[in-house]
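Undergrad: Mind having a look at this structure? Questions to follow.
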Amino acid sequence: MTDQGANGVGSPTLAEVVEVLDRRYPPGTAESWDRVGLVVGDPAQPVRRVLFAVDPVADVVDEAVAWGADLVVTHHPLLLRGVHQVAATTTKGALVHRLIRAGVGLYAAHTNADVATGGVADALAAAIGLVDTRPLVAAPAAPLDKHVVFVPVTHTERLVDALAAAGAGAVGEYSRCAWTTTGEGTFTPSAAANPAIGAAGEPARVVEARVEMVAPRRSRAAVLAAMRAAHPYEEPAFDVLELATWSGPTGTGRVGRLPVATTLAGFAQAVADAVPATVQGVRFAGAPDGRVESVAVLGGSGDSFFDQVRAAGVDAYVTADLRHHPASEQREQALFEARGGAATPYLVDLAHFASEWPWLSNGAAGLEADLAALGTTVETRVSTRRTDPWTGRVAGRADAPA
């Protein structure tokens with residue numbers, strides 16, 4: 001149900017908003033250790049205002065309450081690690097209590113938003129101007145079955161409807177996708193049979209349709225149950241074929257190119273201009289005048305993907321939270337392999353918060369568009385409060401080693 005607003009357009013319930021967010025950022029694509037989805041909130045409450053932020057911290061909750069938000073969507077989960085209580089005497093418990101008292105829901109889209117189309121990786125790539133992007137590490141597409149069912153032609157449409165309702169026949173933005181052809185089937189019922197067509201002991205010939213539809217493998221039991229319920233035969237003839245798997249269009253990080261090549265120093269400045277300012281700023285490793293055209297990006301902590309970045313053959317890698325030892329080893333390897341050439345990939349290191357902030361506007365716009373398509377509406381806001389934990393920096397000694 002929806003709440004009818006003053007403008008005549010309905011406001012969705014929290015349950016409806018969660019359903020839309022889950023479609024855009026499927027929880028099943030999150031890492032196994034992650035905790036995503038609805039954290040706090042009554043599914044029946046109407047949602048009129050949604051605040052998007054990187055971190056579920058007190059400053060963001062202050063903003064949400066002051067603005068009158070009904071829901072906060074954050075990238076980072078509040079309760080990532082197991083807790084045994086949320087008493088208001090603890091930091092996180094106090095936030096939970098305050099959200100509940102204010103009637104503000106909390107939803108987290110973390111690693112599922114990292115890999116999604118239009119998610120964190122795409123937003124960072126777009127912010128720094130990359131084109132022709134593809135996943136750095138492509139996620140495998142969901143495994144599919146092909147269901148092949150033989151049914152009397154008079155029952156073809158009924159069968160297709162039933163299989164579609166059970167989850168078969170969805171291809172991209174299209175539903176109820178099926179392929180059919182006709183032929184003649186023959187069978188002889190036994191004396192113990194209860195045939196829908198023909199008589200016991202007599203050969204029967206029937207004009208039948210061969211119906212083919214694909215479905216997620218996880219839906220196999222539901223699709224088979226729907227097929228048996230809709231089929232007129234006592235013993236339907238059918239096949240279930242497991243299709244080969246392949247890489248899907250989503251995945252971790254993105255690889256793309258700049259429309260115009262630049263220097264490493266110039267590229268690092270462009271990155272700094274594209275993300276929120278932080279105390280850390282933007283660091284880079286490599287020759288300042290080195291040429292940069294092909295780039296890999298990964299929002300959040302990315303020094304565990306150096307092997308994949310090298311395999312991609314890019315000029316530069318933009319990520320966050322680069323630690324001393326992995327970064328040093330990567331640069332040493334690049335210098336060793338360069339043998340007088342360009343020691344790529346160069347490294348561009350952002351603050352964690354800054355690397356993920358560009359996604360917020362994508363998330364807000366996507367939610368508005370998805371709800372509008374369903375005939376409801378919400379007002380969204382992207383938080384501009386800097387939740388990067390660092391608050392200051394001092395310059396080093398002038399006589400420190402160069």
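Ordered as shown in the structure tokens, chains take letters A, B, and onward, while each chain numbers its residues from 1 and ligands are numbered from 1 in the order shown.
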Skipping near chain neighbours, those fewer than 3 positions away, what residues fall within 8 Å of Pro232 (chain A) using only C-alpha atoms, listed as a ChimeraX atom specification?
TA: /A:151,155,196,236
Undergrad: Quick check for you: according to DSSP on this backbone, which residues of region 80-248 of chain A are classed as strand (DSSP E or B)? Reply as a PyMOL selection string.
TA: chain A and resi 105-108+131-140+144-152+171+174+179-187+204-216+237-242+247-248
Undergrad: Kindly give the distance, in Å, that separates CA of Trp357 (chain A) and CA of Arg101 (chain A), rounded to a single decimal.
TA: 27.6 Å
Undergrad: Which value, in Å to one decimal, gives the distance between CA of Arg218 (chain A) and CA of Asp370 (chain A)?
TA: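 Those two atoms sit 25.3 Å apart.
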Undergrad: Could you jot down the CA of Ala226 (chain A) to CA of Asp161 (chain A) separation for me, Å, one decimal place?
TA: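 Here the two named atoms are 9.6 Å from each other.
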